[in-house]
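Q: After the structure tokens below, expect a handful of questions from me.
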Amino acid sequence: KATVSVLNCTAACSPRACARTSGEQGGGCIMELSVRRALPADIPAVRNIYDASPESGPHAWREKYGPFVNFTTLVETSFLSVVAEDENGEVVAFAALDGAPRAGLATDIPAATWEHWLGGNFDTAKLTNLQPASTFWLALMVATPAAADHALPEIMRTMVTTVPTLQHFLFAVPTRVGLFAPMTAMFHRIPPKHDGSVESTVYYCEKAEVLPPLYIRKGVVEDFDDLMPLLQAGEGVLTTPPEEFYLDETLDNQDDTHAVLVAEDPETRQIVGLACMSSSQEEQLFITKHYSTDVYNKLRPSSGESGVNTFQVTFFYLNPAFEDRAASFITPMFEQFPHAEYGAIALPHTTTEHPLLSDFSYVPLKQGLTQDNGIYLLSRTRGNGVWILSRKSLSPLVVRPTTDGDLLAMEAVLDAQSEVGPETSRKMLTKAAEVVPGESCSYVALHEGKPVGLCHLKCLSPEEVHSLRCNYEFDEYVNFVPDGKPDYRPTNIDPNAPDERCALSATVPTLLVTHFYIRPVFRNRIRTFIREIMRQNDTQLLTYELSLQDEPYRPLLDEMILAIPRRVIEEPREAGANGPGTVTGGIDRGDELLALHLLSSKQLSDEKTKIYARIVVVGASTTGLAAIYAWLKIPYLLIANIVLVSRDGIPKHPNTEDNEHWGVDSLTWLEREYILFRVGGKVRTIEGTMVEFERNEKYIIADNGFIEPYDHLVITAGRQYSIPKDFTSKQLAKNGMFELSSLSQIHRIKQHIRESEAYEDELSNAVIYGSSKDVYCVATSLANIGLSPSRLVIVSPDNTSTEATSIFEDPLVDMKVDKLMESLGAKTYKSHVLERVDYDEDHNLSSVYIAQHTNDKDESKKKLVEIPATMFIYCHEKDIDSQILSALNKRSIVFDGRVIVKHNYRTTDPDIYAVGPIAMFSGRFGPSDEFEAYNPLEVGTRFAETVLGFIGVEEYLQEDHDDPSGQPVEVEDPTQLEVGKSRGTGQEASRPIPLPQYREKVSTRVLLPNDYHYFRCRAARYADNASRMLHLTSSNAKGDNYIKISIGPNKCIEAITFLGSEDIEVHNLRTLVGFPESVLNLVYAYEQSKNARGQNTLDLLEYLRSKWAHAVYHSTFPQFFESLREQLQGVDETKRLRERIAEYVEKNGVDEITDDVRKDLVQAVCAEGAQTRRTIELEMIKFLHANKQYFPTIYYLPAIAKFVPDTY
């Protein structure tokens, strides 16, 4: 967003001339203009500007462009559209930029081949290096008369700074119309080769006229006095100066290997920038030895000869006011070192992205550093990363369909590279050679006539696009109604009527990338390559699919946007078809799971903000993975350096565990979402455990001997079950004792079962100890891998007889589960604690002794129960990994059972964070629940956003990010500071900032023996009103399915609990939690089902499966409901209703209203013809129309176009 000041003077003056003239006269009225991207919400204001324009004159837009322009189409499909706002925030101008001329003004120009049309009909000799890849067409510009002349140059300036590759503007108008203001001040006519041969005249404007480049010259000693005040001010210095940097000597000692460039403002000739460079064999060897330059052939000359082939920018300064012209330095830099093919610059990884780096490519440190070589390397590199730029990439690329000769040349290119495997290269060439017009296409990128890149694509049919839209949230990024005219025709629910849902996806032509490669030195031109492919195909959307079997091309992924998988509405399958009551659609059980990325023509102009800070995440807990997922799915960010350190790597998704589910499923991700962690290479995984870390040098050490540098260290390791030390110190059994703490322990359990001869003895048992749901997960897994349920013994040390203490949050469910286990032959002991174990002469477990838990301390009264056992699995209390704990204590990170963190998740070291089960908020912020009580996806997401604020992403900055409590301080007793005591006073410290509030629902699913399923989803604050719930319960006819719906005093669904033999539609049911029960008329239907004996006969599960309820389960219904709720806040009837409720509560002195009073009060807004009712009905029908392609044809929707205002 660029804010500029221009002078409100006569339209006849040039804006630049006006600024100078008024400045000299010391007068003029300032108009503040702010230019930003256009949003759909701006369209009405832009339409008003267009419709209110005069019938004639320089700003008669309807006379110039025609009576109608679809601004929705321009905003949604243009490469870049912008608006200018005045100081009051009013939109006063609009312009759209595209890679090809738009039909309308220039109807005779072919969009896909305009370069050939232009060259054949116009004399373009005066246009310097005119290439399609760097040329853009101004489609349209409109403005209020007062702002028109001033807005255009600022809009064009914003465009060239947003699109650094832009070198030429073109603007076409019918010859009969001619060029008009304000374009006359900026554009020049291109002379036609033959008068009258074409209907349009084309005008041009070069980038240098919009944004004059800096004047770059060699520095001289005399510049020293001008430069030093600028450098001492500090602002604008990009690099850290070398250890011995003397500017006067640097200016004086220039030669073939050292150069200094100075930048001057082209208008005032004042110095605004400085670049110092050097070129030596030593510098080049340093980069190739310590950084990953293999893909660049270790920076060797392309000629094959040896020698110095790089120069390095050792110091760089540029006045921030001129940062948008930083590229002016690039070509002069290379001119100082004719021998060098590469330029390099070393910067801290935390450096904020600078315009100078827009064409540079990041090169990370070499991976696999060990303690032997890594510590020394980190000290030498000072933790810096290196960015490089190839001289070759300064020349433009030409993109065209492939030929046989191109494929032969690309075969040689692919054979010489190491990024793409031989098998993938072979498939790429084969596909490119077998192009079928209309079904597939293949393009090559040429540099100086030689192929350097290849892309093969498939043309997607409307049916294929529709399938992708059904499975991924495309509508978040692409408007499939680009003309702003939704289909509000009545629907046809005749079963024999043709299915027209796929036709609704035919509005956006789409290509699917099957193979892509470009030489590393041209990675900075990937977007150019893609844009040209889309232009030549007249395509609006590009997609890229990856499965576990595919070899990803990471540079392409970095430019694209992750398509979030859509939660599909689940349908129950009849029992007996693929298992009892298996669900289809919502739970991903297909043969091939895909991670999908996309990029639209509109998003091509939106370069991602690149973050190179090294984020090391220790522990693959659900919270930690949720933070990583949150970082990866932000469409406008590229976080390049995420490393996960986990003992077991990335855990498997519960759906891939077959019949083994050793832990509770929190239903955090769909399987299609979870695959992102395994494909694409966006997260580098180190299998190991952190055993040490260095706070000053900022690196961690893993138990496998590798070290990993960090800028931000995130500790998210989960808490694992750990047999208490006081118990293990007394028990000497070496074999048969297990704790459910890691994947290796699970392998040991399975191996023990396979190898143990003891299980031939019917007296041998497996004792599972604990009062957690994981106990039953273990029991199910043991039974599924072959252990007889009759050998299972469950020992629960806690009293689980109340709702607050029951294992399954419902004593009735606990009882049903106990009966299930009993029916299978398993034994269960409640409120029994472990006393001791016996072992044989080989220290193999032989018996486990337990006793009834009592408060009586008289040991003689305990009655021991002996359980013959050869296996004991501990699933009771969890603790932090001992190696991580040792590392934390060694480095003085405050720990009190858990890592103590501030409100912003920081530990006592501001670059070290902790979140999830391993952490807890400092006591000085007041009482707080453990993180396990909340949705781990929400906790991880909130944490990820907080870290982005510390990294410097503006959208996530918060007022408390720089709060002093987040800074390291030296105190005599840091523990007292953290737990809430003011040092030396013994008083509670004040609570400076409130803790984060978590509101997302929490879900749990457990697979029980005999294919029984337990599911529960509750609101985050369910416990606050647990005693005031209304519970609706039902069972099916066979009595093997039990469901309970809990409704809070606010009439919202607070929890849903299920136990039964069906694998039910859990994601559908999760959607309902948090909604008012009236959305489905639950209470009404339940009460109406009472029989003559007063018993409720409604089968709640079947009721929730009713076809008419489909819309409620759609993935976008929650957003629609919240939007409707906000809209109703502004309805007058709703305002009066709130006032009446407040009056009633105050008058009667009550805290809440009864159901009868509520019905009476809301009658006014529910009556026929009430504004509130009409709003709800219309918005609901609009929602159903907008999403009808996702529903079966069961809803009849009337035509509503006449009730909905036009938005285009």
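By convention here, the chains of the structure tokens are called A, B, ... in the order presented, each chain's residues are numbered starting at 1, and ligands are numbered starting at 1 in the order presented.
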Running DSSP on the backbone, which parts of range 323-526 of chain A land in strand (DSSP E), as a VMD selection string?

A: chain A and resid 342 to 348 361 to 363 384 to 390 398 to 401 440 to 447 450 to 459 510 to 518

Q: Extract, using only C-alpha atoms, all DNA, RNA and protein residues at most 12 Å from His1067 in chain A, discarding same-chain residues fewer than 4 positions from it, and format them as a PDB file with N, CA, C and O atoms, in the first residue's frame.

A:
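And here's out-v8.pdb as it stands now:
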ATOM      1  N   ARG A 566     -11.504 -29.688   1.657  1.00  0.00           N
ATOM      2  CA  ARG A 566     -12.855 -29.404   2.136  1.00  0.00           C
ATOM      3  C   ARG A 566     -13.370 -30.602   2.950  1.00  0.00           C
ATOM      4  O   ARG A 566     -13.149 -31.753   2.570  1.00  0.00           O
ATOM      5  N   ARG A 567     -14.025 -30.317   4.055  1.00  0.00           N
ATOM      6  CA  ARG A 567     -14.671 -31.387   4.798  1.00  0.00           C
ATOM      7  C   ARG A 567     -15.956 -31.761   4.069  1.00  0.00           C
ATOM      8  O   ARG A 567     -16.926 -31.031   4.057  1.00  0.00           O
ATOM      9  N   VAL A 568     -15.924 -32.928   3.465  1.00  0.00           N
ATOM     10  CA  VAL A 568     -17.047 -33.382   2.650  1.00  0.00           C
ATOM     11  C   VAL A 568     -18.176 -33.862   3.560  1.00  0.00           C
ATOM     12  O   VAL A 568     -17.938 -34.462   4.605  1.00  0.00           O
ATOM     13  N   ILE A 569     -19.399 -33.593   3.147  1.00  0.00           N
ATOM     14  CA  ILE A 569     -20.549 -34.083   3.897  1.00  0.00           C
ATOM     15  C   ILE A 569     -20.539 -35.607   3.860  1.00  0.00           C
ATOM     16  O   ILE A 569     -20.457 -36.223   2.796  1.00  0.00           O
ATOM     17  N   GLU A 570     -20.607 -36.213   5.037  1.00  0.00           N
ATOM     18  CA  GLU A 570     -20.519 -37.663   5.130  1.00  0.00           C
ATOM     19  C   GLU A 570     -21.875 -38.320   4.929  1.00  0.00           C
ATOM     20  O   GLU A 570     -22.904 -37.786   5.335  1.00  0.00           O
ATOM     21  N   GLU A 571     -21.836 -39.497   4.319  1.00  0.00           N
ATOM     22  CA  GLU A 571     -23.033 -40.301   4.115  1.00  0.00           C
ATOM     23  C   GLU A 571     -22.821 -41.661   4.748  1.00  0.00           C
ATOM     24  O   GLU A 571     -21.788 -42.297   4.526  1.00  0.00           O
ATOM     25  N   PRO A 572     -23.777 -42.159   5.553  1.00  0.00           N
ATOM     26  CA  PRO A 572     -23.610 -43.499   6.123  1.00  0.00           C
ATOM     27  C   PRO A 572     -23.801 -44.562   5.054  1.00  0.00           C
ATOM     28  O   PRO A 572     -24.626 -44.415   4.155  1.00  0.00           O
ATOM     29  N   VAL A 583     -18.502 -45.213   6.956  1.00  0.00           N
ATOM     30  CA  VAL A 583     -18.825 -43.901   6.407  1.00  0.00           C
ATOM     31  C   VAL A 583     -18.058 -43.686   5.116  1.00  0.00           C
ATOM     32  O   VAL A 583     -16.910 -44.089   4.985  1.00  0.00           O
ATOM     33  N   THR A 584     -18.685 -43.046   4.137  1.00  0.00           N
ATOM     34  CA  THR A 584     -17.999 -42.705   2.895  1.00  0.00           C
ATOM     35  C   THR A 584     -18.019 -41.212   2.717  1.00  0.00           C
ATOM     36  O   THR A 584     -18.881 -40.522   3.225  1.00  0.00           O
ATOM     37  N   GLY A 585     -17.066 -40.723   1.969  1.00  0.00           N
ATOM     38  CA  GLY A 585     -17.068 -39.306   1.600  1.00  0.00           C
ATOM     39  C   GLY A 585     -16.263 -38.439   2.516  1.00  0.00           C
ATOM     40  O   GLY A 585     -15.372 -37.738   2.067  1.00  0.00           O
ATOM     41  N   GLY A 586     -16.523 -38.421   3.779  1.00  0.00           N
ATOM     42  CA  GLY A 586     -15.866 -37.482   4.671  1.00  0.00           C
ATOM     43  C   GLY A 586     -14.531 -37.951   5.178  1.00  0.00           C
ATOM     44  O   GLY A 586     -13.621 -37.180   5.382  1.00  0.00           O
ATOM     45  N   ILE A 587     -14.393 -39.251   5.429  1.00  0.00           N
ATOM     46  CA  ILE A 587     -13.129 -39.781   5.923  1.00  0.00           C
ATOM     47  C   ILE A 587     -12.363 -40.319   4.737  1.00  0.00           C
ATOM     48  O   ILE A 587     -12.849 -41.180   4.007  1.00  0.00           O
ATOM     49  N   ASP A 588     -11.152 -39.807   4.537  1.00  0.00           N
ATOM     50  CA  ASP A 588     -10.402 -40.082   3.321  1.00  0.00           C
ATOM     51  C   ASP A 588      -9.843 -41.494   3.330  1.00  0.00           C
ATOM     52  O   ASP A 588      -8.864 -41.767   3.994  1.00  0.00           O
ATOM     53  N   SER A 666      -7.896 -37.262  18.079  1.00  0.00           N
ATOM     54  CA  SER A 666      -8.513 -35.963  18.368  1.00  0.00           C
ATOM     55  C   SER A 666      -9.224 -35.373  17.158  1.00  0.00           C
ATOM     56  O   SER A 666      -9.738 -34.245  17.229  1.00  0.00           O
ATOM     57  N   LEU A 667      -9.250 -36.100  16.044  1.00  0.00           N
ATOM     58  CA  LEU A 667      -9.960 -35.657  14.843  1.00  0.00           C
ATOM     59  C   LEU A 667      -9.509 -34.274  14.393  1.00  0.00           C
ATOM     60  O   LEU A 667     -10.299 -33.450  13.937  1.00  0.00           O
ATOM     61  N   THR A 668      -8.213 -34.032  14.544  1.00  0.00           N
ATOM     62  CA  THR A 668      -7.693 -32.700  14.230  1.00  0.00           C
ATOM     63  C   THR A 668      -7.656 -32.446  12.736  1.00  0.00           C
ATOM     64  O   THR A 668      -7.983 -31.351  12.270  1.00  0.00           O
ATOM     65  N   TRP A 669      -7.229 -33.433  11.971  1.00  0.00           N
ATOM     66  CA  TRP A 669      -7.087 -33.249  10.531  1.00  0.00           C
ATOM     67  C   TRP A 669      -7.792 -34.343   9.752  1.00  0.00           C
ATOM     68  O   TRP A 669      -7.848 -35.503  10.176  1.00  0.00           O
ATOM     69  N   LEU A 670      -8.288 -33.961   8.592  1.00  0.00           N
ATOM     70  CA  LEU A 670      -8.640 -34.949   7.593  1.00  0.00           C
ATOM     71  C   LEU A 670      -7.347 -35.560   7.061  1.00  0.00           C
ATOM     72  O   LEU A 670      -6.281 -34.953   7.129  1.00  0.00           O
ATOM     73  N   LYS A1001     -14.318 -26.150  19.610  1.00  0.00           N
ATOM     74  CA  LYS A1001     -14.796 -27.405  20.176  1.00  0.00           C
ATOM     75  C   LYS A1001     -13.676 -28.444  20.239  1.00  0.00           C
ATOM     76  O   LYS A1001     -12.710 -28.378  19.472  1.00  0.00           O
ATOM     77  N   SER A1003     -12.731 -32.584  20.273  1.00  0.00           N
ATOM     78  CA  SER A1003     -13.277 -33.866  19.828  1.00  0.00           C
ATOM     79  C   SER A1003     -12.391 -35.021  20.265  1.00  0.00           C
ATOM     80  O   SER A1003     -11.170 -34.879  20.400  1.00  0.00           O
ATOM     81  N   THR A1004     -13.030 -36.178  20.446  1.00  0.00           N
ATOM     82  CA  THR A1004     -12.331 -37.390  20.837  1.00  0.00           C
ATOM     83  C   THR A1004     -12.998 -38.575  20.146  1.00  0.00           C
ATOM     84  O   THR A1004     -14.239 -38.661  20.125  1.00  0.00           O
ATOM     85  N   ARG A1005     -12.178 -39.465  19.590  1.00  0.00           N
ATOM     86  CA  ARG A1005     -12.715 -40.703  19.019  1.00  0.00           C
ATOM     87  C   ARG A1005     -11.850 -41.862  19.488  1.00  0.00           C
ATOM     88  O   ARG A1005     -10.623 -41.779  19.444  1.00  0.00           O
ATOM     89  N   PHE A1015     -17.358 -41.685  20.468  1.00  0.00           N
ATOM     90  CA  PHE A1015     -17.095 -40.350  19.922  1.00  0.00           C
ATOM     91  C   PHE A1015     -17.719 -39.329  20.858  1.00  0.00           C
ATOM     92  O   PHE A1015     -18.818 -39.522  21.380  1.00  0.00           O
ATOM     93  N   ARG A1016     -16.973 -38.238  21.063  1.00  0.00           N
ATOM     94  CA  ARG A1016     -17.512 -37.120  21.841  1.00  0.00           C
ATOM     95  C   ARG A1016     -16.929 -35.827  21.317  1.00  0.00           C
ATOM     96  O   ARG A1016     -15.732 -35.736  21.033  1.00  0.00           O
ATOM     97  N   CYS A1017     -17.789 -34.866  21.164  1.00  0.00           N
ATOM     98  CA  CYS A1017     -17.356 -33.507  20.816  1.00  0.00           C
ATOM     99  C   CYS A1017     -18.039 -32.554  21.785  1.00  0.00           C
ATOM    100  O   CYS A1017     -19.260 -32.630  21.982  1.00  0.00           O
ATOM    101  N   ILE A1056     -21.945 -33.619  22.069  1.00  0.00           N
ATOM    102  CA  ILE A1056     -22.580 -34.797  21.479  1.00  0.00           C
ATOM    103  C   ILE A1056     -21.712 -35.996  21.828  1.00  0.00           C
ATOM    104  O   ILE A1056     -20.500 -35.977  21.605  1.00  0.00           O
ATOM    105  N   ASP A1063     -19.564 -46.903  12.615  1.00  0.00           N
ATOM    106  CA  ASP A1063     -18.564 -45.855  12.407  1.00  0.00           C
ATOM    107  C   ASP A1063     -19.310 -44.649  11.857  1.00  0.00           C
ATOM    108  O   ASP A1063     -19.460 -44.482  10.656  1.00  0.00           O
ATOM    109  N   THR A1071     -19.870 -30.593  13.477  1.00  0.00           N
ATOM    110  CA  THR A1071     -20.346 -29.302  12.974  1.00  0.00           C
ATOM    111  C   THR A1071     -21.443 -28.734  13.863  1.00  0.00           C
ATOM    112  O   THR A1071     -21.545 -27.512  14.041  1.00  0.00           O
ATOM    113  N   LEU A1072     -22.271 -29.606  14.440  1.00  0.00           N
ATOM    114  CA  LEU A1072     -23.447 -29.143  15.174  1.00  0.00           C
ATOM    115  C   LEU A1072     -23.107 -28.498  16.504  1.00  0.00           C
ATOM    116  O   LEU A1072     -23.866 -27.652  16.997  1.00  0.00           O
ATOM    117  N   VAL A1073     -22.000 -28.900  17.118  1.00  0.00           N
ATOM    118  CA  VAL A1073     -21.658 -28.379  18.436  1.00  0.00           C
ATOM    119  C   VAL A1073     -21.380 -26.877  18.340  1.00  0.00           C
ATOM    120  O   VAL A1073     -20.557 -26.438  17.539  1.00  0.00           O
ATOM    121  N   VAL A1112     -26.679 -28.012   6.664  1.00  0.00           N
ATOM    122  CA  VAL A1112     -26.066 -27.646   7.941  1.00  0.00           C
ATOM    123  C   VAL A1112     -24.672 -28.242   8.062  1.00  0.00           C
ATOM    124  O   VAL A1112     -23.802 -27.670   8.728  1.00  0.00           O
ATOM    125  N   TYR A1113     -24.436 -29.382   7.420  1.00  0.00           N
ATOM    126  CA  TYR A1113     -23.154 -30.054   7.530  1.00  0.00           C
ATOM    127  C   TYR A1113     -22.128 -29.560   6.518  1.00  0.00           C
ATOM    128  O   TYR A1113     -20.984 -30.010   6.522  1.00  0.00           O
ATOM    129  N   HIS A1114     -22.536 -28.651   5.647  1.00  0.00           N
ATOM    130  CA  HIS A1114     -21.584 -28.163   4.649  1.00  0.00           C
ATOM    131  C   HIS A1114     -20.461 -27.376   5.321  1.00  0.00           C
ATOM    132  O   HIS A1114     -20.678 -26.682   6.330  1.00  0.00           O
ATOM    133  N   SER A1115     -19.272 -27.462   4.760  1.00  0.00           N
ATOM    134  CA  SER A1115     -18.091 -26.874   5.403  1.00  0.00           C
ATOM    135  C   SER A1115     -18.194 -25.371   5.581  1.00  0.00           C
ATOM    136  O   SER A1115     -17.553 -24.797   6.469  1.00  0.00           O
TER     137      SER A1115
END

Q: Excluding range 802-806 of chain A and its own-chain neighbours fewer than 6 positions away, which residues fall within 12 Å of it when counting only C-alpha atoms? Please give them as JSON, numbers by chain.

A: {"A": [771, 772, 773, 796, 812, 813, 814, 815, 817, 818, 830, 831, 1022, 1023, 1024, 1026, 1027]}

Q: If we count only C-alpha atoms, what is near range 330-344 of chain A at a cut-off of 10 Å, once residues fewer than 4 positions away on the same chain are taken out, given as a PyMOL selection string?

A: chain A and resi 216-218+255-261+275-279+283-284+287+296+299-302+307-314+326+356+359-363+386-394+521

Q: CA of Gly1149 in chain A and CA of Ala1164 in chain A are how many Å apart?

A: 23.4 Å

Q: Can you list every residue in range 147-192 of chain A that DSSP puts in alpha helix (DSSP H), as a PyMOL selection string?

A: chain A and resi 148-162

Q: Could you write out the selected residues, including N, CA and C atoms, as a PDB file, in the first residue's frame?

A:
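Result went into out_14.pdb, see below:
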ATOM      1  N   ALA A 148      -8.565  12.323 -11.234  1.00  0.00           N
ATOM      2  CA  ALA A 148      -8.120  11.562 -12.402  1.00  0.00           C
ATOM      3  C   ALA A 148      -6.667  11.833 -12.767  1.00  0.00           C
ATOM      4  N   ASP A 149      -6.300  13.095 -12.938  1.00  0.00           N
ATOM      5  CA  ASP A 149      -4.955  13.418 -13.416  1.00  0.00           C
ATOM      6  C   ASP A 149      -3.882  13.051 -12.412  1.00  0.00           C
ATOM      7  N   HIS A 150      -4.214  13.041 -11.155  1.00  0.00           N
ATOM      8  CA  HIS A 150      -3.226  12.757 -10.123  1.00  0.00           C
ATOM      9  C   HIS A 150      -3.152  11.273  -9.794  1.00  0.00           C
ATOM     10  N   ALA A 151      -4.274  10.571  -9.972  1.00  0.00           N
ATOM     11  CA  ALA A 151      -4.313   9.161  -9.594  1.00  0.00           C
ATOM     12  C   ALA A 151      -3.538   8.284 -10.562  1.00  0.00           C
ATOM     13  N   LEU A 152      -3.590   8.598 -11.872  1.00  0.00           N
ATOM     14  CA  LEU A 152      -2.971   7.703 -12.852  1.00  0.00           C
ATOM     15  C   LEU A 152      -1.484   7.490 -12.606  1.00  0.00           C
ATOM     16  N   PRO A 153      -0.655   8.527 -12.468  1.00  0.00           N
ATOM     17  CA  PRO A 153       0.774   8.256 -12.262  1.00  0.00           C
ATOM     18  C   PRO A 153       1.048   7.478 -10.975  1.00  0.00           C
ATOM     19  N   GLU A 154       0.272   7.734  -9.938  1.00  0.00           N
ATOM     20  CA  GLU A 154       0.503   7.015  -8.694  1.00  0.00           C
ATOM     21  C   GLU A 154       0.039   5.571  -8.796  1.00  0.00           C
ATOM     22  N   ILE A 155      -1.038   5.344  -9.528  1.00  0.00           N
ATOM     23  CA  ILE A 155      -1.485   3.973  -9.766  1.00  0.00           C
ATOM     24  C   ILE A 155      -0.439   3.218 -10.567  1.00  0.00           C
ATOM     25  N   MET A 156       0.104   3.848 -11.592  1.00  0.00           N
ATOM     26  CA  MET A 156       1.106   3.179 -12.411  1.00  0.00           C
ATOM     27  C   MET A 156       2.397   2.950 -11.625  1.00  0.00           C
ATOM     28  N   ARG A 157       2.719   3.877 -10.746  1.00  0.00           N
ATOM     29  CA  ARG A 157       3.905   3.688  -9.907  1.00  0.00           C
ATOM     30  C   ARG A 157       3.710   2.495  -8.968  1.00  0.00           C
ATOM     31  N   THR A 158       2.519   2.393  -8.396  1.00  0.00           N
ATOM     32  CA  THR A 158       2.226   1.240  -7.546  1.00  0.00           C
ATOM     33  C   THR A 158       2.324  -0.054  -8.332  1.00  0.00           C
ATOM     34  N   MET A 159       1.870  -0.035  -9.569  1.00  0.00           N
ATOM     35  CA  MET A 159       1.908  -1.243 -10.393  1.00  0.00           C
ATOM     36  C   MET A 159       3.338  -1.682 -10.685  1.00  0.00           C
ATOM     37  N   VAL A 160       4.217  -0.751 -10.985  1.00  0.00           N
ATOM     38  CA  VAL A 160       5.585  -1.154 -11.325  1.00  0.00           C
ATOM     39  C   VAL A 160       6.356  -1.597 -10.078  1.00  0.00           C
ATOM     40  N   THR A 161       6.007  -1.062  -8.913  1.00  0.00           N
ATOM     41  CA  THR A 161       6.677  -1.531  -7.702  1.00  0.00           C
ATOM     42  C   THR A 161       6.117  -2.877  -7.258  1.00  0.00           C
ATOM     43  N   THR A 162       4.840  -3.126  -7.545  1.00  0.00           N
ATOM     44  CA  THR A 162       4.234  -4.420  -7.208  1.00  0.00           C
ATOM     45  C   THR A 162       4.722  -5.511  -8.136  1.00  0.00           C
TER      46      THR A 162
END

Q: Can you work out which one of A:Val413, A:Gly923, A:Leu1082, A:Asn904 has the shortest atom-to-atom distance to Gly949 in chain A, counting only C-alpha atoms?

A: A:Asn904

Q: Just give me the gap between CA of Ile723 in chain A and CA of Val664 in chain A in Å, one decimal is fine.

A: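 One can read the CA of Ile723 in chain A to CA of Val664 in chain A distance as 19.6 Å.
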
Q: Which polymer residues have any atom within 9 Å of an atom of His447 in chain A, counting only C-alpha atoms, with same-chain residues fewer than 4 positions away left out, as a ChimeraX atom specification?

A: /A:392-393,395-398,451-452

Q: Write the selection just made, keeping N, CA, C and O atoms, as a PDB file, in the first residue's frame?

A:
ATOM      1  N   LYS A 392      22.612 -14.585 -16.051  1.00  0.00           N
ATOM      2  CA  LYS A 392      21.738 -15.048 -17.134  1.00  0.00           C
ATOM      3  C   LYS A 392      20.282 -14.690 -16.878  1.00  0.00           C
ATOM      4  O   LYS A 392      19.520 -14.440 -17.817  1.00  0.00           O
ATOM      5  N   SER A 393      19.887 -14.666 -15.614  1.00  0.00           N
ATOM      6  CA  SER A 393      18.476 -14.417 -15.314  1.00  0.00           C
ATOM      7  C   SER A 393      18.073 -12.971 -15.547  1.00  0.00           C
ATOM      8  O   SER A 393      16.892 -12.638 -15.461  1.00  0.00           O
ATOM      9  N   SER A 395      18.315 -11.523 -18.380  1.00  0.00           N
ATOM     10  CA  SER A 395      17.726 -11.483 -19.719  1.00  0.00           C
ATOM     11  C   SER A 395      16.336 -12.101 -19.674  1.00  0.00           C
ATOM     12  O   SER A 395      16.098 -13.039 -18.918  1.00  0.00           O
ATOM     13  N   PRO A 396      15.407 -11.596 -20.498  1.00  0.00           N
ATOM     14  CA  PRO A 396      14.028 -12.110 -20.443  1.00  0.00           C
ATOM     15  C   PRO A 396      13.916 -13.520 -21.020  1.00  0.00           C
ATOM     16  O   PRO A 396      14.730 -13.950 -21.849  1.00  0.00           O
ATOM     17  N   LEU A 397      12.909 -14.239 -20.538  1.00  0.00           N
ATOM     18  CA  LEU A 397      12.595 -15.562 -21.071  1.00  0.00           C
ATOM     19  C   LEU A 397      11.508 -15.435 -22.132  1.00  0.00           C
ATOM     20  O   LEU A 397      10.644 -14.559 -22.066  1.00  0.00           O
ATOM     21  N   VAL A 398      11.567 -16.332 -23.081  1.00  0.00           N
ATOM     22  CA  VAL A 398      10.528 -16.441 -24.097  1.00  0.00           C
ATOM     23  C   VAL A 398       9.840 -17.788 -23.897  1.00  0.00           C
ATOM     24  O   VAL A 398      10.508 -18.815 -23.749  1.00  0.00           O
ATOM     25  N   PRO A 451      16.463 -23.850 -24.654  1.00  0.00           N
ATOM     26  CA  PRO A 451      15.495 -24.273 -23.643  1.00  0.00           C
ATOM     27  C   PRO A 451      16.139 -24.363 -22.256  1.00  0.00           C
ATOM     28  O   PRO A 451      17.207 -24.941 -22.089  1.00  0.00           O
ATOM     29  N   VAL A 452      15.447 -23.781 -21.272  1.00  0.00           N
ATOM     30  CA  VAL A 452      15.923 -23.844 -19.883  1.00  0.00           C
ATOM     31  C   VAL A 452      14.825 -24.326 -18.940  1.00  0.00           C
ATOM     32  O   VAL A 452      15.088 -24.543 -17.757  1.00  0.00           O
TER      33      VAL A 452
END

Q: Residues near Ile893 in chain A, anyone? I mean within 12 Å using only C-alpha atoms, not counting same-chain ones fewer than 2 positions away, as a VMD selection string.

A: chain A and resid 693 to 695 715 884 to 891 895 to 896 898 to 901 906 to 914 919 968 974 to 975 978

Q: Could you tell me which of A:Asn479, A:Ser764, A:Asn655, A:Asn524 comes closest to Val75 in chain A if we count only C-alpha atoms?

A: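 Among A:Asn479, A:Ser764, A:Asn655, A:Asn524, it is A:Asn479 that comes nearest to Val75 in chain A.
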